[in-house]
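What follows is coords25.cif (mmCIF, C-alpha atoms).
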data_work
loop_
_atom_site.label_atom_id
_atom_site.label_comp_id
_atom_site.auth_asym_id
_atom_site.auth_seq_id
_atom_site.Cartn_x
_atom_site.Cartn_y
_atom_site.Cartn_z
CA MET A 1 -28.69 -104.84 26.90
CA HIS A 2 -31.50 -105.92 24.58
CA PHE A 3 -31.17 -109.47 25.92
CA ALA A 4 -31.59 -108.21 29.49
CA ILE A 5 -34.72 -106.27 28.63
CA SER A 6 -36.21 -109.24 26.79
CA LEU A 7 -35.39 -111.49 29.73
CA PHE A 8 -37.01 -109.02 32.12
CA VAL A 9 -40.19 -108.91 30.02
CA LEU A 10 -40.26 -112.69 29.80
CA LEU A 11 -39.76 -113.13 33.53
CA SER A 12 -42.36 -110.47 34.34
CA SER A 13 -44.91 -112.15 32.04
CA SER A 14 -44.19 -115.54 33.59
CA LEU A 15 -44.61 -114.06 37.05
CA ILE A 16 -47.96 -112.52 36.16
CA LEU A 17 -49.18 -115.80 34.61
CA ALA A 18 -48.02 -117.74 37.61
CA GLN A 19 -49.78 -115.35 39.95
CA ASP A 20 -52.98 -115.52 37.86
CA ASP A 21 -52.89 -119.33 37.99
CA GLY A 22 -52.38 -119.30 41.70
CA ASN A 23 -55.24 -116.87 42.19
CA ALA A 24 -57.53 -119.04 40.09
CA ILE A 25 -56.83 -122.04 42.26
CA THR A 26 -56.25 -120.67 45.76
CA GLU A 27 -57.36 -117.07 45.65
CA LYS A 28 -57.69 -115.75 49.17
CA PRO A 29 -58.38 -112.00 49.30
CA ASP A 30 -57.00 -111.51 52.79
CA GLU A 31 -53.69 -113.39 52.41
CA THR A 32 -50.37 -111.77 51.28
CA GLN A 33 -49.28 -112.84 47.80
CA SER A 34 -45.69 -114.13 47.38
CA CYS A 35 -43.66 -115.41 44.42
CA GLN A 36 -42.91 -119.01 43.86
CA PRO A 37 -39.38 -120.14 44.82
CA ASP A 38 -38.19 -120.70 41.23
CA MET A 39 -39.52 -117.34 40.09
CA CYS A 40 -37.84 -115.54 43.01
CA ASP A 41 -34.53 -117.11 42.10
CA LEU A 42 -34.96 -115.92 38.52
CA LEU A 43 -35.81 -112.40 39.66
CA MET A 44 -32.77 -112.32 41.95
CA ALA A 45 -30.57 -113.57 39.12
CA PHE A 46 -32.08 -110.95 36.84
CA GLY A 47 -31.36 -108.21 39.40
CA ALA A 48 -27.76 -109.36 39.71
CA MET A 49 -27.46 -109.40 35.93
CA LYS A 50 -28.76 -105.82 35.75
CA GLU A 51 -26.14 -104.73 38.26
CA LYS A 52 -23.39 -106.45 36.24
CA ILE A 53 -24.68 -104.82 33.06
CA ALA A 54 -24.67 -101.41 34.75
CA VAL A 55 -21.08 -101.99 35.89
CA MET A 56 -20.11 -103.07 32.37
CA GLU A 57 -21.76 -99.97 30.89
CA THR A 58 -19.86 -97.77 33.34
CA ARG A 59 -16.61 -99.49 32.45
CA LEU A 60 -17.42 -99.13 28.75
CA LYS A 61 -18.06 -95.40 29.18
CA ASN A 62 -14.81 -95.05 31.09
CA SER A 63 -12.98 -96.97 28.36
CA GLU A 64 -14.52 -94.75 25.68
CA SER A 65 -13.50 -91.68 27.66
CA ARG A 66 -9.92 -92.99 28.01
CA LEU A 67 -9.90 -93.82 24.29
CA ARG A 68 -10.98 -90.27 23.41
CA ASN A 69 -8.27 -88.89 25.72
CA SER A 70 -5.74 -91.17 24.06
CA GLU A 71 -6.86 -90.02 20.62
CA THR A 72 -6.52 -86.39 21.72
CA ARG A 73 -3.03 -87.02 23.09
CA LEU A 74 -2.14 -88.84 19.86
CA LYS A 75 -3.34 -85.89 17.78
CA ASN A 76 -1.34 -83.51 19.95
CA SER A 77 1.72 -85.74 19.58
CA GLU A 78 1.24 -85.84 15.80
CA SER A 79 0.94 -82.04 15.75
CA ARG A 80 4.14 -81.66 17.80
CA LEU A 81 5.86 -84.16 15.52
CA LYS A 82 4.83 -82.19 12.44
CA ASN A 83 6.10 -78.98 14.04
CA SER A 84 9.38 -80.70 14.89
CA GLU A 85 9.69 -82.00 11.33
CA SER A 86 8.98 -78.50 9.99
CA ARG A 87 11.65 -76.98 12.25
CA LEU A 88 14.07 -79.71 11.20
CA ARG A 89 13.44 -79.00 7.52
CA ASN A 90 13.96 -75.29 8.13
CA SER A 91 17.21 -76.00 9.94
CA GLU A 92 18.35 -78.28 7.12
CA ASN A 93 17.49 -75.60 4.55
CA GLN A 94 19.40 -72.98 6.52
CA LEU A 95 22.38 -75.32 6.84
CA LEU A 96 22.27 -76.07 3.12
CA GLU A 97 22.10 -72.35 2.34
CA LEU A 98 25.12 -71.70 4.56
CA ARG A 99 27.01 -74.53 2.88
CA ASN A 100 26.13 -73.17 -0.55
CA LYS A 101 27.38 -69.76 0.53
CA GLU A 102 30.60 -71.32 1.73
CA ARG A 103 31.00 -73.10 -1.60
CA THR A 104 30.51 -69.85 -3.53
CA LYS A 105 34.08 -68.69 -4.06
CA VAL A 106 34.69 -65.81 -6.45
CA ILE A 107 38.29 -64.64 -6.78
CA PHE A 108 40.05 -63.34 -9.86
CA SER A 109 43.15 -61.45 -10.86
CA ALA A 110 44.34 -60.61 -14.38
CA ALA A 111 47.03 -58.56 -16.09
CA THR A 112 46.90 -56.70 -19.37
CA GLY A 113 49.60 -58.70 -21.11
CA ALA A 114 50.64 -57.11 -24.45
CA GLY A 115 54.28 -58.20 -24.13
CA GLY A 116 55.81 -55.14 -22.55
CA LYS A 117 54.25 -52.56 -24.86
CA HIS A 118 52.19 -49.54 -23.96
CA ILE A 119 48.41 -49.75 -24.51
CA GLY A 120 46.98 -46.48 -25.85
CA PRO A 121 46.57 -43.63 -26.11
CA PHE A 122 43.25 -43.72 -27.97
CA ASN A 123 41.09 -40.76 -28.91
CA THR A 124 38.12 -42.18 -26.99
CA ASN A 125 37.45 -44.22 -23.84
CA LYS A 126 38.15 -47.90 -24.38
CA THR A 127 37.34 -50.96 -22.24
CA LEU A 128 40.66 -52.40 -21.12
CA ILE A 129 40.91 -56.15 -21.60
CA TYR A 130 43.14 -57.96 -19.15
CA ARG A 131 44.13 -60.98 -21.21
CA THR A 132 46.59 -62.71 -18.87
CA VAL A 133 44.51 -64.53 -16.24
CA ILE A 134 46.38 -65.09 -12.98
CA THR A 135 43.45 -66.46 -10.96
CA ASN A 136 39.82 -66.94 -11.92
CA ILE A 137 38.02 -69.01 -9.27
CA GLY A 138 34.34 -69.08 -10.17
CA ASP A 139 34.97 -68.03 -13.81
CA ALA A 140 33.21 -64.71 -13.26
CA TYR A 141 35.86 -62.73 -15.18
CA SER A 142 36.15 -63.00 -18.97
CA PRO A 143 39.62 -62.46 -20.51
CA HIS A 144 37.89 -62.04 -23.88
CA THR A 145 35.77 -59.03 -22.91
CA GLY A 146 37.56 -57.71 -19.83
CA ILE A 147 34.24 -57.73 -17.95
CA PHE A 148 33.52 -59.25 -14.54
CA VAL A 149 29.91 -60.48 -14.16
CA ALA A 150 28.68 -60.96 -10.58
CA PRO A 151 27.37 -64.54 -10.12
CA VAL A 152 25.64 -63.89 -6.78
CA ALA A 153 24.39 -60.93 -4.78
CA GLY A 154 26.95 -59.68 -2.33
CA VAL A 155 29.73 -57.26 -1.48
CA TYR A 156 32.84 -57.49 -3.65
CA TYR A 157 36.26 -55.91 -3.35
CA PHE A 158 38.05 -54.65 -6.49
CA THR A 159 41.51 -53.22 -7.09
CA ILE A 160 43.13 -51.64 -10.14
CA PHE A 161 46.83 -50.91 -10.53
CA PHE A 162 48.83 -49.55 -13.42
CA HIS A 163 52.36 -48.85 -14.55
CA ALA A 164 52.87 -46.16 -17.22
CA GLY A 165 55.55 -44.01 -18.77
CA GLY A 166 55.71 -40.37 -17.85
CA HIS A 167 55.62 -39.15 -21.43
CA GLU A 168 51.84 -39.63 -21.66
CA ARG A 169 48.91 -39.19 -19.27
CA ALA A 170 47.66 -42.35 -17.51
CA GLY A 171 44.05 -42.86 -16.50
CA LEU A 172 41.91 -45.86 -15.52
CA LEU A 173 38.19 -45.75 -14.67
CA LEU A 174 36.36 -48.55 -12.84
CA TYR A 175 32.69 -48.91 -13.80
CA LYS A 176 29.77 -50.77 -12.30
CA ASN A 177 27.41 -51.28 -15.22
CA ASN A 178 27.38 -47.72 -16.67
CA GLN A 179 28.19 -45.98 -13.39
CA LEU A 180 31.67 -44.65 -12.72
CA MET A 181 32.89 -45.85 -9.33
CA ILE A 182 36.60 -45.03 -8.88
CA VAL A 183 39.46 -43.46 -10.85
CA THR A 184 43.24 -43.68 -10.79
CA GLY A 185 45.77 -41.91 -13.00
CA ASP A 186 48.76 -39.65 -13.38
CA HIS A 187 49.56 -36.51 -15.35
CA ARG A 188 52.10 -36.31 -18.10
CA THR A 189 55.48 -35.10 -16.89
CA GLU A 190 58.97 -34.72 -18.24
CA ALA A 191 60.49 -35.26 -14.80
CA ASP A 192 59.42 -38.91 -14.30
CA THR A 193 60.24 -41.66 -16.72
CA ALA A 194 57.59 -43.97 -15.23
CA ASP A 195 54.62 -43.79 -12.87
CA ASN A 196 52.57 -46.26 -10.83
CA GLY A 197 49.11 -45.85 -9.39
CA GLY A 198 46.07 -47.67 -8.18
CA ASN A 199 42.76 -47.57 -6.38
CA ALA A 200 40.28 -49.93 -4.70
CA ALA A 201 36.62 -50.09 -3.67
CA PHE A 202 33.97 -52.29 -2.09
CA LEU A 203 30.95 -52.65 -4.39
CA GLN A 204 27.55 -54.11 -3.58
CA LEU A 205 26.42 -56.10 -6.61
CA GLN A 206 23.40 -58.04 -7.77
CA PRO A 207 23.62 -61.15 -9.97
CA GLY A 208 24.45 -60.07 -13.52
CA ASP A 209 26.00 -56.71 -12.63
CA HIS A 210 29.04 -55.85 -14.79
CA VAL A 211 32.30 -54.45 -13.44
CA TYR A 212 35.05 -53.42 -15.86
CA VAL A 213 37.94 -51.02 -16.34
CA VAL A 214 38.06 -48.28 -18.98
CA LEU A 215 41.24 -46.75 -20.31
CA ALA A 216 40.53 -43.02 -20.43
CA ALA A 217 40.80 -41.22 -23.78
CA ASN A 218 44.25 -39.86 -24.60
CA SER A 219 45.89 -41.93 -21.87
CA HIS A 220 47.98 -45.09 -21.77
CA VAL A 221 49.23 -47.88 -19.48
CA TRP A 222 52.10 -50.32 -19.75
CA GLY A 223 51.05 -53.76 -20.93
CA THR A 224 52.81 -56.70 -19.26
CA ASN A 225 51.94 -59.85 -17.36
CA HIS A 226 52.95 -58.25 -14.06
CA HIS A 227 52.40 -54.49 -13.84
CA THR A 228 48.88 -53.40 -14.81
CA THR A 229 46.30 -55.57 -13.07
CA PHE A 230 42.59 -55.86 -12.33
CA SER A 231 41.54 -58.00 -9.34
CA GLY A 232 38.49 -58.73 -7.25
CA PHE A 233 36.83 -61.19 -4.91
CA LEU A 234 33.54 -61.87 -3.14
CA VAL A 235 33.69 -60.64 0.44
CA THR A 236 30.26 -61.81 1.58
CA GLN A 237 26.95 -62.85 0.07
CA MET A 238 23.84 -60.79 0.76
#

When written as structure tokens, how does the structure in this file appear?
Amino acid sequence: MHFAISLFVLLSSSLILAQDDGNAITEKPDETQSCQPDMCDLLMAFGAMKEKIAVMETRLKNSESRLRNSETRLKNSESRLKNSESRLRNSENQLLELRNKERTKVIFSAATGAGGKHIGPFNTNKTLIYRTVITNIGDAYSPHTGIFVAPVAGVYYFTIFFHAGGHERAGLLLYKNNQLMIVTGDHRTEADTADNGGNAAFLQLQPGDHVYVVLAANSHVWGTNHHTTFSGFLVTQM
């Protein structure tokens, strides 16, 4: 563009000089002035060049416009790609969470043990320790303390069963932390030589909640590997 302007100035100056020289030699006031053949050719070439430059400028503007449109579409595509990647990550996280929930298996069952002897009575409430572990998937139950500790938040199902002689009262209390949840038991009687009982409950627990069984004061149960049991399992995570 600068070259074209410079060329135009140069040609215009040459034309003026040529016209001045012609006027100095053959100046005729009444005759029509005309350009010399070579100068006319240059002016025509210059005009054609201007048209080509204008066409090139138009094409350049169109190319710039298409480039901007392409950049906009590229940005939109990048935005959609980021959104897709975000949704994919969310889906992967949800799938991983579901898989982790499926892997979380909590199932236990234990018996009192004690070799066929009665446990109790005691003059105060006493946490009953089920020492014979039958199943303990997830290791949430401790045979050393008799306490089940919830590993994850969820709904759990617990059962307690007992076998006891009729000569003494039987009584078991299921606690969640320090809150009494369910009770099972039987009165002393001379008519029955043995009694059986049980109870069950669904409990909603948070991680770290304790669930355990208490032998009620002045009561007893029969201690074997088969009769008096404490069981539970995770129904669903919350």

What separation in Å, quoted to one decimal, exists between atom CA of Phe108 of chain A and atom CA of Leu172 of chain A?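 Computed distance, atom CA of Phe108 of chain A to atom CA of Leu172 of chain A, equals 18.5 Å.
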
Exactly which residues make up the result of the PyMOL selection byres ((chain A and resi 233) around 7) on this file, given as an MDAnalysis selection string? chainID A and resid 106:108 156:158 232 234:235

Near-Gly154 of chain A list (12 Å; only C-alpha atoms; drop same-chain fewer than 4 positions) as a list in words: Lys101, Thr104, Lys105, Val106, Ala150, Phe202, Leu203, Gln204, Leu205, Gln206, Pro207, Gly208, Asp209, Phe233, Leu234, Val235, Thr236, Gln237 and Met238 of chain A

Can you spit out the residues from that selection as a JSON list (two decimals), keeping the file's coordinate frame, using C-alpha atoms?
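Wrote it out as result-v4.json, contents follow:
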[["chain", "number", "residue", "atom", "x", "y", "z"],
["A", 101, "LYS", "CA", 27.38, -69.76, 0.53],
["A", 104, "THR", "CA", 30.51, -69.85, -3.53],
["A", 105, "LYS", "CA", 34.08, -68.69, -4.06],
["A", 106, "VAL", "CA", 34.69, -65.81, -6.45],
["A", 150, "ALA", "CA", 28.68, -60.96, -10.58],
["A", 202, "PHE", "CA", 33.97, -52.29, -2.09],
["A", 203, "LEU", "CA", 30.95, -52.65, -4.39],
["A", 204, "GLN", "CA", 27.55, -54.11, -3.58],
["A", 205, "LEU", "CA", 26.42, -56.10, -6.61],
["A", 206, "GLN", "CA", 23.40, -58.04, -7.77],
["A", 207, "PRO", "CA", 23.62, -61.15, -9.97],
["A", 208, "GLY", "CA", 24.45, -60.07, -13.52],
["A", 209, "ASP", "CA", 26.00, -56.71, -12.63],
["A", 233, "PHE", "CA", 36.83, -61.19, -4.91],
["A", 234, "LEU", "CA", 33.54, -61.87, -3.14],
["A", 235, "VAL", "CA", 33.69, -60.64, 0.44],
["A", 236, "THR", "CA", 30.26, -61.81, 1.58],
["A", 237, "GLN", "CA", 26.95, -62.85, 0.07],
["A", 238, "MET", "CA", 23.84, -60.79, 0.76]]

Can you find the residues with an atom no farther than 10 Å from (53.0, -46.8, -16.0), counting all atoms listed in the file, and report them as a ChimeraX atom specification? /A:118,161-171,185-186,193-197,220-223,227-228

Residue among A:His144, A:Pro151, A:Ile119, A:Ser231 lying closest to Arg131 of chain A, counting all atoms listed in the file: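 Looking at the shortest contact to Arg131 of chain A, the residue is A:His144.
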
Work out how far apart atom CA of Val155 of chain A and atom CA of Asn225 of chain A are and give it in Å to one decimal.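 One can read the atom CA of Val155 of chain A to atom CA of Asn225 of chain A distance as 27.4 Å.
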
If the PyMOL selection byres ((chain A and resi 174-183) around 6) is run on the structure shown, which residues does it catch, given as a PyMOL selection string? chain A and resi 172-173+184+210-213

Minimum-distance residue to Ile147 of chain A, chosen among A:Gly198, A:Val214, A:Ser84, A:Arg59 (using only C-alpha atoms):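 Closest to Ile147 of chain A of all the choices is A:Val214.
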
Quick one: pull the distance between atom CA of Val133 of chain A and atom CA of His226 of chain A, Å, one decimal.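 Computing the Euclidean distance for atom CA of Val133 of chain A and atom CA of His226 of chain A yields 10.7 Å.
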
If you take every atom of segment 195-205 of chain A that the file lists and fit an axis-aligned box around them with 4 Å extra on each side, what centre and edge lengths come out in Å to one decimal, as JSON?
{"center_x": 40.5, "center_y": -49.9, "center_z": -7.5, "size_x": 36.2, "size_y": 20.3, "size_z": 18.8}

Nearest to Ala201 of chain A by atom-to-atom distance, counting all atoms listed in the file, from A:Thr159, A:Ser219, A:Ala48, A:Thr224: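 Residue with the minimum atom-to-atom distance to Ala201 of chain A: A:Thr159.
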
Could you expand the PyMOL selection byres ((chain A and resi 143) around 12) into the explicit residues it covers here, written as a PDB file with C-alpha atoms, in the frame of the given file?
ATOM      1  CA  PHE A 108      40.050 -63.340  -9.860  1.00  0.00           C
ATOM      2  CA  SER A 109      43.150 -61.450 -10.860  1.00  0.00           C
ATOM      3  CA  ALA A 110      44.340 -60.610 -14.380  1.00  0.00           C
ATOM      4  CA  ALA A 111      47.030 -58.560 -16.090  1.00  0.00           C
ATOM      5  CA  THR A 112      46.900 -56.700 -19.370  1.00  0.00           C
ATOM      6  CA  GLY A 113      49.600 -58.700 -21.110  1.00  0.00           C
ATOM      7  CA  THR A 127      37.340 -50.960 -22.240  1.00  0.00           C
ATOM      8  CA  LEU A 128      40.660 -52.400 -21.120  1.00  0.00           C
ATOM      9  CA  ILE A 129      40.910 -56.150 -21.600  1.00  0.00           C
ATOM     10  CA  TYR A 130      43.140 -57.960 -19.150  1.00  0.00           C
ATOM     11  CA  ARG A 131      44.130 -60.980 -21.210  1.00  0.00           C
ATOM     12  CA  THR A 132      46.590 -62.710 -18.870  1.00  0.00           C
ATOM     13  CA  VAL A 133      44.510 -64.530 -16.240  1.00  0.00           C
ATOM     14  CA  ILE A 134      46.380 -65.090 -12.980  1.00  0.00           C
ATOM     15  CA  THR A 135      43.450 -66.460 -10.960  1.00  0.00           C
ATOM     16  CA  ASN A 136      39.820 -66.940 -11.920  1.00  0.00           C
ATOM     17  CA  ASP A 139      34.970 -68.030 -13.810  1.00  0.00           C
ATOM     18  CA  ALA A 140      33.210 -64.710 -13.260  1.00  0.00           C
ATOM     19  CA  TYR A 141      35.860 -62.730 -15.180  1.00  0.00           C
ATOM     20  CA  SER A 142      36.150 -63.000 -18.970  1.00  0.00           C
ATOM     21  CA  HIS A 144      37.890 -62.040 -23.880  1.00  0.00           C
ATOM     22  CA  THR A 145      35.770 -59.030 -22.910  1.00  0.00           C
ATOM     23  CA  GLY A 146      37.560 -57.710 -19.830  1.00  0.00           C
ATOM     24  CA  ILE A 147      34.240 -57.730 -17.950  1.00  0.00           C
ATOM     25  CA  PHE A 148      33.520 -59.250 -14.540  1.00  0.00           C
ATOM     26  CA  VAL A 149      29.910 -60.480 -14.160  1.00  0.00           C
ATOM     27  CA  TYR A 212      35.050 -53.420 -15.860  1.00  0.00           C
ATOM     28  CA  PHE A 230      42.590 -55.860 -12.330  1.00  0.00           C
TER      29      PHE A 230
END

As a JSON list (two decimals), keeping the file's coordinate frame, the rebuilt segment 133-162 of chain A with N, CA and C atoms:
[["chain", "number", "residue", "atom", "x", "y", "z"],
["A", 133, "VAL", "N", 45.25, -64.16, -17.45],
["A", 133, "VAL", "CA", 44.51, -64.53, -16.24],
["A", 133, "VAL", "C", 45.48, -65.14, -15.23],
["A", 134, "ILE", "N", 45.54, -64.57, -14.06],
["A", 134, "ILE", "CA", 46.38, -65.09, -12.98],
["A", 134, "ILE", "C", 45.57, -66.06, -12.11],
["A", 135, "THR", "N", 44.38, -65.63, -11.74],
["A", 135, "THR", "CA", 43.45, -66.46, -10.96],
["A", 135, "THR", "C", 42.04, -66.14, -11.43],
["A", 136, "ASN", "N", 41.21, -67.19, -11.52],
["A", 136, "ASN", "CA", 39.82, -66.94, -11.92],
["A", 136, "ASN", "C", 38.92, -68.01, -11.31],
["A", 137, "ILE", "N", 38.87, -68.04, -9.98],
["A", 137, "ILE", "CA", 38.02, -69.01, -9.27],
["A", 137, "ILE", "C", 36.57, -68.56, -9.40],
["A", 138, "GLY", "N", 35.75, -69.41, -9.94],
["A", 138, "GLY", "CA", 34.34, -69.08, -10.17],
["A", 138, "GLY", "C", 34.06, -68.64, -11.59],
["A", 139, "ASP", "N", 35.11, -68.39, -12.39],
["A", 139, "ASP", "CA", 34.97, -68.03, -13.81],
["A", 139, "ASP", "C", 34.03, -66.84, -14.02],
["A", 140, "ALA", "N", 34.08, -65.88, -13.13],
["A", 140, "ALA", "CA", 33.21, -64.71, -13.26],
["A", 140, "ALA", "C", 33.85, -63.64, -14.15],
["A", 141, "TYR", "N", 35.17, -63.71, -14.33],
["A", 141, "TYR", "CA", 35.86, -62.73, -15.18],
["A", 141, "TYR", "C", 36.13, -63.35, -16.55],
["A", 142, "SER", "N", 35.91, -62.54, -17.60],
["A", 142, "SER", "CA", 36.15, -63.00, -18.97],
["A", 142, "SER", "C", 37.39, -62.31, -19.54],
["A", 143, "PRO", "N", 38.44, -63.06, -19.89],
["A", 143, "PRO", "CA", 39.62, -62.46, -20.51],
["A", 143, "PRO", "C", 39.38, -62.07, -21.97],
["A", 144, "HIS", "N", 38.22, -62.40, -22.50],
["A", 144, "HIS", "CA", 37.89, -62.04, -23.88],
["A", 144, "HIS", "C", 37.22, -60.67, -23.96],
["A", 145, "THR", "N", 36.47, -60.32, -22.92],
["A", 145, "THR", "CA", 35.77, -59.03, -22.91],
["A", 145, "THR", "C", 36.33, -58.05, -21.89],
["A", 146, "GLY", "N", 37.07, -58.56, -20.90],
["A", 146, "GLY", "CA", 37.56, -57.71, -19.83],
["A", 146, "GLY", "C", 36.51, -57.38, -18.79],
["A", 147, "ILE", "N", 35.37, -58.06, -18.83],
["A", 147, "ILE", "CA", 34.24, -57.73, -17.95],
["A", 147, "ILE", "C", 34.07, -58.81, -16.88],
["A", 148, "PHE", "N", 33.87, -58.38, -15.66],
["A", 148, "PHE", "CA", 33.52, -59.25, -14.54],
["A", 148, "PHE", "C", 32.00, -59.20, -14.38],
["A", 149, "VAL", "N", 31.36, -60.38, -14.33],
["A", 149, "VAL", "CA", 29.91, -60.48, -14.16],
["A", 149, "VAL", "C", 29.64, -61.14, -12.81],
["A", 150, "ALA", "N", 28.95, -60.44, -11.92],
["A", 150, "ALA", "CA", 28.68, -60.96, -10.58],
["A", 150, "ALA", "C", 27.78, -62.19, -10.65],
["A", 151, "PRO", "N", 28.21, -63.34, -10.09],
["A", 151, "PRO", "CA", 27.37, -64.54, -10.12],
["A", 151, "PRO", "C", 26.31, -64.57, -9.02],
["A", 152, "VAL", "N", 26.58, -63.89, -7.90],
["A", 152, "VAL", "CA", 25.64, -63.89, -6.78],
["A", 152, "VAL", "C", 25.57, -62.48, -6.19],
["A", 153, "ALA", "N", 24.51, -62.22, -5.47],
["A", 153, "ALA", "CA", 24.39, -60.93, -4.78],
["A", 153, "ALA", "C", 25.35, -60.89, -3.60],
["A", 154, "GLY", "N", 26.03, -59.78, -3.45],
["A", 154, "GLY", "CA", 26.95, -59.68, -2.33],
["A", 154, "GLY", "C", 27.81, -58.43, -2.42],
["A", 155, "VAL", "N", 28.75, -58.35, -1.50],
["A", 155, "VAL", "CA", 29.73, -57.26, -1.48],
["A", 155, "VAL", "C", 31.05, -57.80, -2.02],
["A", 156, "TYR", "N", 31.59, -57.10, -3.00],
["A", 156, "TYR", "CA", 32.84, -57.49, -3.65],
["A", 156, "TYR", "C", 33.89, -56.41, -3.45],
["A", 157, "TYR", "N", 35.14, -56.83, -3.48],
["A", 157, "TYR", "CA", 36.26, -55.91, -3.35],
["A", 157, "TYR", "C", 37.07, -55.94, -4.65],
["A", 158, "PHE", "N", 37.33, -54.76, -5.23],
["A", 158, "PHE", "CA", 38.05, -54.65, -6.49],
["A", 158, "PHE", "C", 39.26, -53.72, -6.33],
["A", 159, "THR", "N", 40.32, -54.08, -7.04],
["A", 159, "THR", "CA", 41.51, -53.22, -7.09],
["A", 159, "THR", "C", 41.97, -53.06, -8.53],
["A", 160, "ILE", "N", 42.50, -51.88, -8.84],
["A", 160, "ILE", "CA", 43.13, -51.64, -10.14],
["A", 160, "ILE", "C", 44.48, -50.98, -9.90],
["A", 161, "PHE", "N", 45.48, -51.48, -10.61],
["A", 161, "PHE", "CA", 46.83, -50.91, -10.53],
["A", 161, "PHE", "C", 47.37, -50.74, -11.94],
["A", 162, "PHE", "N", 48.23, -49.75, -12.10],
["A", 162, "PHE", "CA", 48.83, -49.55, -13.42],
["A", 162, "PHE", "C", 50.29, -49.13, -13.29]]
